[in-house]
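Participant: I'm passing along final.txt; it holds compact mmCIF, C-alpha atoms and all ligand atoms.
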# COMPACT_ATOMS: atom_id res chain seq x y z
CA MET A 1 151.91 55.77 136.29
CA GLU A 2 155.41 54.78 137.45
CA LYS A 3 158.47 57.01 137.53
CA ASN A 4 162.10 55.96 137.08
CA PHE A 5 160.82 52.49 136.19
CA SER A 6 163.27 49.65 135.44
CA LEU A 7 162.75 48.04 132.03
CA LEU A 8 165.11 45.17 132.85
CA GLY A 9 162.42 42.50 132.50
CA LEU A 10 160.85 44.20 129.49
CA ASN A 11 163.69 44.07 126.93
CA THR A 12 165.07 40.73 125.78
CA PHE A 13 168.59 42.19 125.45
CA GLY A 14 168.43 42.33 129.26
CA PHE A 15 169.76 45.83 129.84
CA ASP A 16 168.84 47.58 133.07
CA VAL A 17 167.43 50.73 131.52
CA LYS A 18 165.26 53.12 133.55
CA ALA A 19 162.31 54.95 132.00
CA LYS A 20 161.46 58.42 133.28
CA PHE A 21 157.71 57.61 133.03
CA PHE A 22 156.00 54.26 132.48
CA GLU A 23 152.38 53.23 132.15
CA LYS A 24 150.61 50.04 131.21
CA VAL A 25 147.40 50.38 129.16
CA GLN A 26 144.87 47.56 128.80
CA SER A 27 141.93 49.20 127.05
CA LEU A 28 141.08 52.08 124.75
CA ASP A 29 139.74 53.94 127.80
CA ASP A 30 143.14 53.54 129.48
CA VAL A 31 144.78 55.11 126.41
CA ARG A 32 142.29 57.98 126.36
CA ASN A 33 142.91 58.65 130.06
CA LEU A 34 146.63 58.66 129.40
CA ILE A 35 146.16 61.22 126.64
CA GLY A 36 144.78 63.57 129.31
CA ASN A 37 147.94 63.31 131.41
CA GLN A 38 150.18 66.39 131.20
CA ASP A 39 153.50 64.48 131.46
CA PHE A 40 152.33 62.25 128.63
CA LYS A 41 151.30 65.21 126.45
CA ASP A 42 154.58 67.03 127.06
CA ASN A 43 156.61 63.98 126.08
CA LEU A 44 154.45 63.21 123.05
CA ASN A 45 154.94 66.74 121.75
CA LYS A 46 158.70 66.30 122.11
CA SER A 47 158.56 62.90 120.31
CA ARG A 48 159.62 61.22 123.51
CA VAL A 49 156.97 58.55 123.75
CA LEU A 50 157.87 54.92 123.21
CA VAL A 51 155.31 52.18 122.76
CA LEU A 52 157.09 49.16 124.19
CA SER A 53 155.62 45.75 123.39
CA GLY A 54 157.54 42.51 123.96
CA GLY A 55 160.87 44.39 123.96
CA SER A 56 162.34 41.77 121.67
CA ASN A 57 163.43 44.15 118.91
CA ILE A 58 164.69 47.15 120.82
CA LEU A 59 168.04 48.48 121.95
CA PHE A 60 168.12 51.42 124.33
CA SER A 61 171.17 53.50 123.52
CA SER A 62 171.81 54.43 127.15
CA GLY A 63 170.81 53.37 130.66
CA PHE A 64 168.06 56.03 130.90
CA TYR A 65 165.08 56.61 128.63
CA ASP A 66 164.25 60.28 129.07
CA GLY A 67 160.64 60.03 128.04
CA PHE A 68 157.34 58.19 128.46
CA VAL A 69 157.09 54.44 127.92
CA VAL A 70 153.61 53.09 127.18
CA TYR A 71 153.19 49.35 127.60
CA PRO A 72 150.07 48.04 125.80
CA ASP A 73 148.60 44.93 127.35
CA PHE A 74 145.31 44.39 125.50
CA LYS A 75 144.24 40.75 125.76
CA GLY A 76 141.91 38.41 123.89
CA ILE A 77 141.38 36.30 120.78
CA GLU A 78 138.06 36.37 118.89
CA THR A 79 136.78 34.52 115.84
CA LEU A 80 135.12 37.14 113.64
CA ASP A 81 134.04 35.07 110.68
CA GLU A 82 134.28 31.51 109.46
CA THR A 83 133.67 29.87 106.08
CA ALA A 84 134.43 26.40 104.73
CA GLU A 85 137.85 27.67 103.58
CA GLN A 86 139.04 30.16 106.15
CA VAL A 87 138.69 31.83 109.52
CA LYS A 88 139.04 35.50 110.34
CA ILE A 89 140.52 35.98 113.79
CA ARG A 90 141.15 39.11 115.84
CA CYS A 91 144.03 38.92 118.25
CA TYR A 92 144.68 41.74 120.70
CA GLY A 93 148.14 43.26 120.78
CA GLY A 94 149.20 42.17 124.26
CA GLU A 95 148.93 38.47 123.48
CA VAL A 96 152.28 36.67 123.26
CA TRP A 97 153.04 35.94 119.60
CA LYS A 98 154.28 32.39 120.03
CA ASP A 99 151.24 31.44 122.14
CA PHE A 100 148.96 32.84 119.44
CA VAL A 101 150.78 30.78 116.78
CA ASP A 102 150.47 27.65 118.94
CA TYR A 103 146.74 28.37 119.37
CA THR A 104 146.18 28.65 115.59
CA VAL A 105 148.22 25.51 114.91
CA SER A 106 146.24 23.59 117.55
CA LYS A 107 143.03 24.66 115.76
CA ASN A 108 144.43 23.33 112.45
CA LEU A 109 144.58 26.79 110.91
CA TYR A 110 147.27 27.38 108.29
CA GLY A 111 149.39 30.49 107.80
CA LEU A 112 151.47 31.12 110.91
CA GLU A 113 153.23 27.77 111.39
CA ASN A 114 156.56 28.95 109.92
CA LEU A 115 156.51 31.89 112.33
CA ALA A 116 156.42 29.67 115.43
CA ASP A 117 158.44 30.71 118.48
CA ILE A 118 159.28 34.24 117.30
CA PRO A 119 159.60 36.27 120.50
CA GLY A 120 157.44 39.34 121.08
CA LYS A 121 153.77 40.26 121.18
CA VAL A 122 151.05 40.28 118.53
CA GLY A 123 150.79 44.09 118.45
CA ALA A 124 154.40 44.38 117.28
CA ALA A 125 154.18 41.72 114.57
CA PRO A 126 152.92 44.08 111.81
CA VAL A 127 155.41 46.86 112.68
CA GLN A 128 158.38 45.16 111.11
CA ASN A 129 156.39 42.54 109.19
CA ILE A 130 158.03 39.69 111.10
CA GLY A 131 159.26 36.84 108.95
CA ALA A 132 161.01 33.51 109.15
CA TYR A 133 161.44 30.25 107.23
CA GLY A 134 159.89 31.49 104.01
CA ALA A 135 156.86 33.24 105.53
CA GLU A 136 156.01 36.82 106.42
CA VAL A 137 153.18 37.90 108.68
CA LYS A 138 151.82 40.24 105.97
CA ASP A 139 150.53 37.20 104.09
CA THR A 140 147.97 36.53 106.82
CA ILE A 141 147.08 40.03 108.07
CA CYS A 142 143.90 41.65 106.75
CA GLN A 143 143.55 44.64 109.10
CA VAL A 144 145.45 46.45 111.84
CA HIS A 145 143.61 48.41 114.54
CA THR A 146 145.31 51.47 115.99
CA ILE A 147 144.53 54.34 118.32
CA ASP A 148 146.02 57.77 117.65
CA LEU A 149 148.00 58.94 120.69
CA PHE A 150 147.29 62.62 120.00
CA SER A 151 143.54 62.51 119.38
CA GLY A 152 142.43 59.20 120.89
CA LYS A 153 140.73 58.32 117.60
CA VAL A 154 140.65 54.75 116.39
CA ARG A 155 141.93 54.06 112.88
CA VAL A 156 141.75 50.73 111.09
CA PHE A 157 144.41 50.11 108.44
CA SER A 158 143.63 47.81 105.54
CA LYS A 159 146.41 45.49 104.47
CA GLU A 160 147.30 47.80 101.54
CA GLU A 161 147.45 50.83 103.85
CA CYS A 162 149.99 48.97 106.01
CA GLU A 163 152.55 49.25 103.14
CA PHE A 164 154.26 46.02 104.07
CA SER A 165 157.69 45.13 102.68
CA TYR A 166 160.74 43.20 103.93
CA ARG A 167 160.93 43.92 107.67
CA ASN A 168 159.04 47.16 107.17
CA SER A 169 155.58 48.78 107.24
CA ILE A 170 153.88 52.17 107.51
CA PHE A 171 154.00 51.75 111.30
CA LYS A 172 157.79 51.47 111.31
CA LYS A 173 158.24 54.28 108.77
CA SER A 174 155.95 56.77 110.45
CA GLY A 175 157.28 56.28 113.99
CA VAL A 176 155.24 56.73 117.14
CA GLY A 177 152.00 58.61 116.99
CA SER A 178 149.71 55.66 117.29
CA LEU A 179 149.45 52.39 119.15
CA ILE A 180 148.43 49.06 117.62
CA TYR A 181 145.89 47.39 119.87
CA ALA A 182 144.59 44.52 117.71
CA VAL A 183 145.40 42.66 114.50
CA ASP A 184 142.98 40.72 112.26
CA PHE A 185 144.26 37.63 110.48
CA ILE A 186 142.83 35.40 107.79
CA LEU A 187 143.94 31.82 108.29
CA LYS A 188 143.14 28.94 105.97
CA LYS A 189 141.56 25.61 106.85
CA HIS A 190 143.50 23.90 104.05
CA ALA A 191 146.71 25.14 102.44
CA GLU A 192 150.08 24.06 101.12
CA LEU A 193 152.82 23.92 103.70
CA LYS A 194 155.91 26.04 103.04
CA LEU A 195 158.81 23.64 103.21
CA ASP A 196 161.29 25.15 100.78
CA TYR A 197 163.26 27.43 103.10
CA GLY A 198 166.64 26.23 104.37
CA ASN A 199 166.66 22.78 105.90
CA ILE A 200 162.97 22.33 106.80
CA ARG A 201 162.46 19.61 104.20
CA ASN A 202 165.72 17.83 105.09
CA TYR A 203 164.91 18.00 108.75
CA LEU A 204 161.49 16.42 108.22
CA ALA A 205 162.94 13.72 105.95
CA SER A 206 165.70 12.87 108.41
CA ASN A 207 163.01 12.33 111.02
CA GLY A 208 161.14 9.97 108.72
CA ILE A 209 158.27 12.40 108.07
CA THR A 210 157.25 12.10 104.43
CA HIS A 211 153.76 13.64 104.71
CA PRO A 212 154.20 16.49 107.17
CA THR A 213 151.25 18.02 108.97
CA LEU A 214 150.83 21.60 110.06
CA GLN A 215 151.93 20.52 113.53
CA ASP A 216 155.07 18.83 112.14
CA VAL A 217 156.11 22.06 110.41
CA ALA A 218 155.61 24.21 113.51
CA LYS A 219 157.58 21.68 115.57
CA THR A 220 160.39 21.58 112.99
CA VAL A 221 160.65 25.37 112.90
CA LYS A 222 160.85 25.42 116.70
CA THR A 223 163.61 22.82 116.71
CA ILE A 224 165.66 24.59 114.03
CA ARG A 225 165.25 27.94 115.81
CA ALA A 226 166.34 26.43 119.13
CA GLU A 227 169.48 25.07 117.47
CA LYS A 228 170.43 28.41 115.90
CA LEU A 229 169.19 31.18 118.17
CA PRO A 230 169.91 31.99 121.82
CA GLU A 231 167.13 31.11 124.24
CA VAL A 232 165.08 34.17 125.20
CA GLY A 233 165.40 34.91 128.91
CA VAL A 234 168.67 33.00 129.17
CA VAL A 235 171.02 34.93 126.88
CA GLY A 236 170.20 38.55 126.02
CA SER A 237 169.51 39.14 122.32
CA VAL A 238 166.99 40.57 119.86
CA GLY A 239 167.17 37.77 117.29
CA SER A 240 168.60 39.19 114.06
CA PHE A 241 170.45 42.36 114.96
CA PHE A 242 171.02 43.38 111.32
CA GLN A 243 168.80 43.30 108.26
CA ASN A 244 169.96 41.18 105.39
CA ALA A 245 171.89 43.16 102.78
CA ILE A 246 170.15 44.16 99.56
CA VAL A 247 172.67 44.73 96.77
CA SER A 248 172.75 45.32 93.02
CA ILE A 249 173.21 42.43 90.60
CA GLU A 250 176.68 43.82 89.74
CA LYS A 251 177.74 43.82 93.40
CA TYR A 252 176.38 40.31 93.84
CA GLN A 253 178.29 39.04 90.80
CA GLU A 254 181.48 40.64 92.07
CA ILE A 255 181.12 38.80 95.38
CA LYS A 256 180.13 35.55 93.71
CA GLN A 257 183.36 35.56 91.69
CA LEU A 258 185.36 35.67 94.89
CA TYR A 259 183.05 33.44 96.95
CA PRO A 260 181.11 31.10 94.64
CA GLU A 261 179.25 29.66 97.64
CA VAL A 262 177.63 32.99 98.64
CA PRO A 263 173.95 32.38 99.53
CA SER A 264 171.42 34.74 97.93
CA TYR A 265 167.71 35.33 97.41
CA PRO A 266 165.90 37.41 94.79
CA VAL A 267 164.21 40.50 96.22
CA GLU A 268 160.45 40.15 95.82
CA SER A 269 159.52 43.62 94.61
CA SER A 270 162.48 44.34 92.35
CA THR A 271 161.81 44.89 88.66
CA ALA A 272 164.08 43.70 85.84
CA SER A 273 165.61 47.16 85.40
CA THR A 274 166.49 47.56 89.07
CA ALA A 275 167.04 43.93 89.96
CA MET A 276 168.41 43.57 93.47
CA ILE A 277 169.66 40.54 95.36
CA LYS A 278 169.45 39.78 99.06
CA ILE A 279 172.64 38.43 100.64
CA PRO A 280 172.36 37.15 104.23
CA SER A 281 174.21 39.53 106.53
CA GLY A 282 174.85 36.54 108.80
CA TRP A 283 176.97 35.05 106.02
CA LEU A 284 178.88 38.34 105.48
CA ILE A 285 179.57 38.74 109.23
CA ASP A 286 180.55 35.09 109.52
CA ARG A 287 182.99 35.35 106.56
CA ALA A 288 184.40 38.54 108.08
CA GLY A 289 185.42 36.36 111.03
CA TRP A 290 183.05 37.54 113.77
CA LYS A 291 181.07 34.41 114.57
CA GLY A 292 181.56 33.46 118.23
CA TYR A 293 183.54 36.66 118.99
CA ARG A 294 183.21 37.88 122.58
CA GLU A 295 184.33 41.09 124.23
CA ASN A 296 183.51 41.61 127.92
CA HIS A 297 179.72 41.36 128.33
CA VAL A 298 178.74 41.17 124.65
CA GLY A 299 179.45 39.11 121.56
CA VAL A 300 178.35 37.48 118.30
CA TRP A 301 176.33 34.27 118.68
CA ASP A 302 178.41 31.25 117.73
CA LYS A 303 175.58 29.51 115.83
CA GLN A 304 174.21 32.51 113.87
CA ALA A 305 176.42 35.54 113.21
CA LEU A 306 173.44 37.83 112.60
CA VAL A 307 172.67 37.74 116.31
CA LEU A 308 174.50 39.95 118.81
CA VAL A 309 174.28 38.82 122.42
CA HIS A 310 174.52 40.36 125.87
CA TYR A 311 175.78 37.92 128.50
CA GLY A 312 174.53 40.11 131.37
CA GLY A 313 175.89 42.97 133.44
CA GLY A 314 176.86 45.07 130.40
CA LYS A 315 175.86 48.45 129.02
CA PRO A 316 173.99 49.20 125.76
CA GLN A 317 177.06 51.12 124.56
CA GLU A 318 179.02 47.86 124.38
CA ILE A 319 176.53 46.51 121.82
CA LEU A 320 176.67 49.78 119.87
CA ASP A 321 180.50 49.65 119.81
CA LEU A 322 180.41 46.06 118.59
CA MET A 323 177.81 46.98 115.95
CA HIS A 324 180.06 49.74 114.58
CA LYS A 325 183.09 47.44 114.44
CA ILE A 326 181.14 44.76 112.57
CA GLN A 327 179.66 47.28 110.12
CA ALA A 328 183.12 48.72 109.39
CA SER A 329 184.65 45.29 108.94
CA VAL A 330 181.93 44.08 106.53
CA LYS A 331 182.25 47.34 104.58
CA THR A 332 186.02 46.92 104.28
CA LYS A 333 185.86 43.26 103.28
CA PHE A 334 182.87 43.29 100.92
CA GLY A 335 182.11 46.97 100.21
CA ILE A 336 178.59 46.41 101.59
CA GLU A 337 176.86 48.50 104.24
CA ILE A 338 174.74 46.51 106.65
CA HIS A 339 172.04 48.18 108.71
CA PRO A 340 170.53 47.29 112.06
CA GLU A 341 167.16 45.60 112.05
CA VAL A 342 166.71 46.32 115.74
CA ASN A 343 164.98 49.55 116.71
CA ILE A 344 167.60 51.72 118.46
CA VAL A 345 166.11 54.39 120.75
N1 LIG B 401 174.80 32.01 107.34
C1 LIG B 401 176.14 31.80 107.52
N2 LIG B 401 176.67 32.09 108.75
C2 LIG B 401 175.92 32.53 109.78
C3 LIG B 401 174.55 32.76 109.59
C4 LIG B 401 174.01 32.47 108.35
O1 LIG B 401 176.86 31.39 106.62
O2 LIG B 401 176.48 32.74 110.86
C5 LIG B 401 174.19 31.64 106.06
C6 LIG B 401 173.38 30.35 106.21
O3 LIG B 401 174.15 29.21 105.99
C7 LIG B 401 172.33 30.49 105.14
C8 LIG B 401 172.11 31.98 105.08
O4 LIG B 401 173.24 32.61 105.67
O5 LIG B 401 172.81 30.07 103.90
C9 LIG B 401 170.82 32.43 105.75
O6 LIG B 401 170.84 32.08 107.12
P1 LIG B 401 169.49 31.76 107.93
O7 LIG B 401 168.68 30.77 107.21
O8 LIG B 401 169.85 31.46 109.33
O9 LIG B 401 168.64 33.10 107.83
P2 LIG B 401 169.01 34.64 107.93
O10 LIG B 401 168.78 35.25 106.60
O11 LIG B 401 170.33 34.82 108.57
C10 LIG B 401 166.55 35.34 108.43
C11 LIG B 401 165.81 36.20 109.42
C12 LIG B 401 165.63 35.47 110.74
C13 LIG B 401 164.88 34.18 110.48
C14 LIG B 401 165.69 33.35 109.49
C15 LIG B 401 165.02 32.07 109.11
C16 LIG B 401 166.39 38.49 108.79
C17 LIG B 401 167.10 39.73 109.20
N3 LIG B 401 166.51 37.45 109.63
O12 LIG B 401 167.86 35.15 108.94
O13 LIG B 401 164.82 36.29 111.57
O14 LIG B 401 164.66 33.45 111.66
O15 LIG B 401 165.87 34.12 108.28
O16 LIG B 401 163.95 32.35 108.27
O17 LIG B 401 165.71 38.49 107.77
C18 LIG B 401 164.80 37.87 113.34
O18 LIG B 401 164.30 38.67 112.55
O19 LIG B 401 165.03 38.20 114.54
C19 LIG B 401 165.17 36.55 112.88
C20 LIG B 401 165.80 35.67 113.67
Could the structure of this file be written out as structure tokens, please?
Facilitator:
Amino acid sequence: MEKNFSLLGLNTFGFDVKAKFFEKVQSLDDVRNLIGNQDFKDNLNKSRVLVLSGGSNILFSSGFYDGFVVYPDFKGIETLDETAEQVKIRCYGGEVWKDFVDYTVSKNLYGLENLADIPGKVGAAPVQNIGAYGAEVKDTICQVHTIDLFSGKVRVFSKEECEFSYRNSIFKKSGVGSLIYAVDFILKKHAELKLDYGNIRNYLASNGITHPTLQDVAKTVKTIRAEKLPEVGVVGSVGSFFQNAIVSIEKYQEIKQLYPEVPSYPVESSTASTAMIKIPSGWLIDRAGWKGYRENHVGVWDKQALVLVHYGGGKPQEILDLMHKIQASVKTKFGIEIHPEVNIV
């Protein structure tokens, strides 16, 4: 166990935050040993335990985390079952997400190609049901393996028990109390490629690819991401800082009258009586004039306004101040409240 441990290399925003206590766990036995530690127990009882995975979706609100950081580093990929149509694979939580996607694509397995190059680790993927380019990880997950941090008991969640929705799950809603150590996926040997989101199809066509393969799609997603998002490890960020806005049909129509070009998507689970529409927050922030804005060490990415960036040497408070200014400005201009997607602790 480490004390006063710097998390500088463990959060992609790149803030030099110190954790009061820090421990890496690589097996269920490691977790059970940790549960016996008095400092750990004290902090768990005060809800001051943080399970930190890839650190790519977290903002510490100050330079000191007054609690216990647990860093799961379970490794391994196993094939559990294989039929003519599909493969069931277990991936342990400490594996790097983008390497796991590359592995599945290299094995010609369909399902994760649109999620290529998302930063973070496999254990965090179910927490906020990561999504990109028309795919969400929930569509491939069949089980999530967790260990309870109070009792040390293992619990396996079925897909239904995970309560997945847009950037959300039971794990995000219920907070810390358990640690995800492995995720089981079902990937297909043959499937339709998802090419409808944004400019994937155009990009393929402009490169002369008329019959794209799984590998072509993964490569295209990587190229589009690299053009829009800051490079992890070079510029501090957490990808999308805000969730996209979900508004009523009436609100959407009001905005569409003023801005006929407003992009929008239907919300999957909404019923006819409570129909809701998703409006990209990146578009709202962009139209409110923030794209490319910079103030001291922080700013709004000039190629995607949904992304706040830390250029180095700054404090978390600068990002929080910028967040509040952007939220107020979008509220004034459009009457819409936008909420952070990043986990603020
Ligand atoms: N837009 C603008 N200006 C901007 C940004 C976006 O006008 O500065 C417009 C775009 O032109 C487009 C629309 O907004 O019409 C949507 O933009 P984009 O396709 O870039 O997607 P997004 O909704 O902003 C979501 C995810 C991203 C994911 C992309 C691609 C959320 C919160 N974010 O962004 O996820 O990569 O779709 O699928 O749902 C992440 O979670 O960290 C992340 C990067």
Participant: I need the residue nearest ligand LIG 401 (chain B) from this list: A:Tyr197, A:Phe241, A:Tyr203, A:Trp283. Use only C-alpha atoms and all ligand atoms for the distance.
Facilitator: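 For ligand LIG 401 (chain B), the nearest of the given residues is A:Trp283.
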Participant: Just the residues within 10 Å of Pro266 in chain A, please, counting only C-alpha atoms, with nothing from its chain fewer than 2 positions along; format it as a ChimeraX atom specification.
Facilitator: /A:246,249,264,268-270,275-279
Participant: Would you give me, as JSON lines, each residue of chain A having an atom within 7 Å of an atom of ligand LIG 401 (chain B), along with its shortest atom pair and that distance in Å to one decimal, using all atoms listed in the file and sorting by chain and residue number?
Facilitator:
{"residue": "A:Ile130", "atom": "CA", "partner": "B:LIG401", "partner_atom": "O18", "distance": 6.5}
{"residue": "A:Gly131", "atom": "CA", "partner": "B:LIG401", "partner_atom": "O13", "distance": 6.2}
{"residue": "A:Ala132", "atom": "CA", "partner": "B:LIG401", "partner_atom": "O16", "distance": 3.3}
{"residue": "A:Tyr133", "atom": "CA", "partner": "B:LIG401", "partner_atom": "O16", "distance": 3.4}
{"residue": "A:Gly134", "atom": "CA", "partner": "B:LIG401", "partner_atom": "O16", "distance": 5.9}
{"residue": "A:Gly198", "atom": "CA", "partner": "B:LIG401", "partner_atom": "O7", "distance": 5.7}
{"residue": "A:Arg225", "atom": "CA", "partner": "B:LIG401", "partner_atom": "O14", "distance": 6.9}
{"residue": "A:Val238", "atom": "CA", "partner": "B:LIG401", "partner_atom": "O19", "distance": 6.1}
{"residue": "A:Gly239", "atom": "CA", "partner": "B:LIG401", "partner_atom": "O19", "distance": 3.5}
{"residue": "A:Ser240", "atom": "CA", "partner": "B:LIG401", "partner_atom": "O19", "distance": 3.7}
{"residue": "A:Phe241", "atom": "CA", "partner": "B:LIG401", "partner_atom": "O19", "distance": 6.8}
{"residue": "A:Phe242", "atom": "CA", "partner": "B:LIG401", "partner_atom": "C17", "distance": 5.8}
{"residue": "A:Gln243", "atom": "CA", "partner": "B:LIG401", "partner_atom": "C17", "distance": 4.1}
{"residue": "A:Asn244", "atom": "CA", "partner": "B:LIG401", "partner_atom": "C17", "distance": 5.0}
{"residue": "A:Pro263", "atom": "CA", "partner": "B:LIG401", "partner_atom": "O5", "distance": 5.1}
{"residue": "A:Pro280", "atom": "CA", "partner": "B:LIG401", "partner_atom": "O10", "distance": 4.7}
{"residue": "A:Ser281", "atom": "CA", "partner": "B:LIG401", "partner_atom": "O11", "distance": 6.4}
{"residue": "A:Gly282", "atom": "CA", "partner": "B:LIG401", "partner_atom": "C3", "distance": 3.9}
{"residue": "A:Trp283", "atom": "CA", "partner": "B:LIG401", "partner_atom": "C1", "distance": 3.7}
{"residue": "A:Ile285", "atom": "CA", "partner": "B:LIG401", "partner_atom": "O2", "distance": 6.9}
{"residue": "A:Asp286", "atom": "CA", "partner": "B:LIG401", "partner_atom": "O2", "distance": 4.9}
{"residue": "A:Lys291", "atom": "CA", "partner": "B:LIG401", "partner_atom": "O2", "distance": 6.1}
{"residue": "A:Lys303", "atom": "CA", "partner": "B:LIG401", "partner_atom": "O2", "distance": 6.0}
{"residue": "A:Gln304", "atom": "CA", "partner": "B:LIG401", "partner_atom": "O2", "distance": 3.8}
{"residue": "A:Ala305", "atom": "CA", "partner": "B:LIG401", "partner_atom": "O2", "distance": 3.7}
{"residue": "A:Leu306", "atom": "CA", "partner": "B:LIG401", "partner_atom": "O11", "distance": 5.9}
{"residue": "A:Glu341", "atom": "CA", "partner": "B:LIG401", "partner_atom": "C17", "distance": 6.5}
Participant: Write a file of the selected residues as a PDB file, keeping the file's coordinate frame, keeping C-alpha atoms.
Facilitator:
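Just written: result22.pdb:
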ATOM      1  CA  ILE A 130     158.030  39.690 111.100  1.00  0.00           C
ATOM      2  CA  GLY A 131     159.260  36.840 108.950  1.00  0.00           C
ATOM      3  CA  ALA A 132     161.010  33.510 109.150  1.00  0.00           C
ATOM      4  CA  TYR A 133     161.440  30.250 107.230  1.00  0.00           C
ATOM      5  CA  GLY A 134     159.890  31.490 104.010  1.00  0.00           C
ATOM      6  CA  GLY A 198     166.640  26.230 104.370  1.00  0.00           C
ATOM      7  CA  ARG A 225     165.250  27.940 115.810  1.00  0.00           C
ATOM      8  CA  VAL A 238     166.990  40.570 119.860  1.00  0.00           C
ATOM      9  CA  GLY A 239     167.170  37.770 117.290  1.00  0.00           C
ATOM     10  CA  SER A 240     168.600  39.190 114.060  1.00  0.00           C
ATOM     11  CA  PHE A 241     170.450  42.360 114.960  1.00  0.00           C
ATOM     12  CA  PHE A 242     171.020  43.380 111.320  1.00  0.00           C
ATOM     13  CA  GLN A 243     168.800  43.300 108.260  1.00  0.00           C
ATOM     14  CA  ASN A 244     169.960  41.180 105.390  1.00  0.00           C
ATOM     15  CA  PRO A 263     173.950  32.380  99.530  1.00  0.00           C
ATOM     16  CA  PRO A 280     172.360  37.150 104.230  1.00  0.00           C
ATOM     17  CA  SER A 281     174.210  39.530 106.530  1.00  0.00           C
ATOM     18  CA  GLY A 282     174.850  36.540 108.800  1.00  0.00           C
ATOM     19  CA  TRP A 283     176.970  35.050 106.020  1.00  0.00           C
ATOM     20  CA  ILE A 285     179.570  38.740 109.230  1.00  0.00           C
ATOM     21  CA  ASP A 286     180.550  35.090 109.520  1.00  0.00           C
ATOM     22  CA  LYS A 291     181.070  34.410 114.570  1.00  0.00           C
ATOM     23  CA  LYS A 303     175.580  29.510 115.830  1.00  0.00           C
ATOM     24  CA  GLN A 304     174.210  32.510 113.870  1.00  0.00           C
ATOM     25  CA  ALA A 305     176.420  35.540 113.210  1.00  0.00           C
ATOM     26  CA  LEU A 306     173.440  37.830 112.600  1.00  0.00           C
ATOM     27  CA  GLU A 341     167.160  45.600 112.050  1.00  0.00           C
TER      28      GLU A 341
END
Participant: How many Å separate CA of Val137 in chain A from CA of His211 in chain A?
Facilitator: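 CA of Val137 in chain A sits 24.6 Å away from CA of His211 in chain A.
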Participant: Residues of range 141-237 of chain A that have any atom at most 8 Å from an atom of range 10-18 of chain A: could you tabulate them with the shortest-distance atom pair and the distance in Å to one decimal, using only C-alpha atoms, ordered by chain and increasing number, as JSON lines?
Facilitator:
{"residue": "A:Val232", "atom": "CA", "partner": "A:Thr12", "partner_atom": "CA", "distance": 6.6}
{"residue": "A:Gly233", "atom": "CA", "partner": "A:Thr12", "partner_atom": "CA", "distance": 6.6}
{"residue": "A:Val235", "atom": "CA", "partner": "A:Phe13", "partner_atom": "CA", "distance": 7.8}
{"residue": "A:Gly236", "atom": "CA", "partner": "A:Phe13", "partner_atom": "CA", "distance": 4.0}
{"residue": "A:Ser237", "atom": "CA", "partner": "A:Phe13", "partner_atom": "CA", "distance": 4.5}
Participant: Would you mind listing what lies within 10 Å of Gln128 in chain A as an MDAnalysis selection string, with all atoms listed in the file counted and same-chain residues fewer than 4 positions away left out?
Facilitator: chainID A and resid 57 124 136:138 164:173 341:343
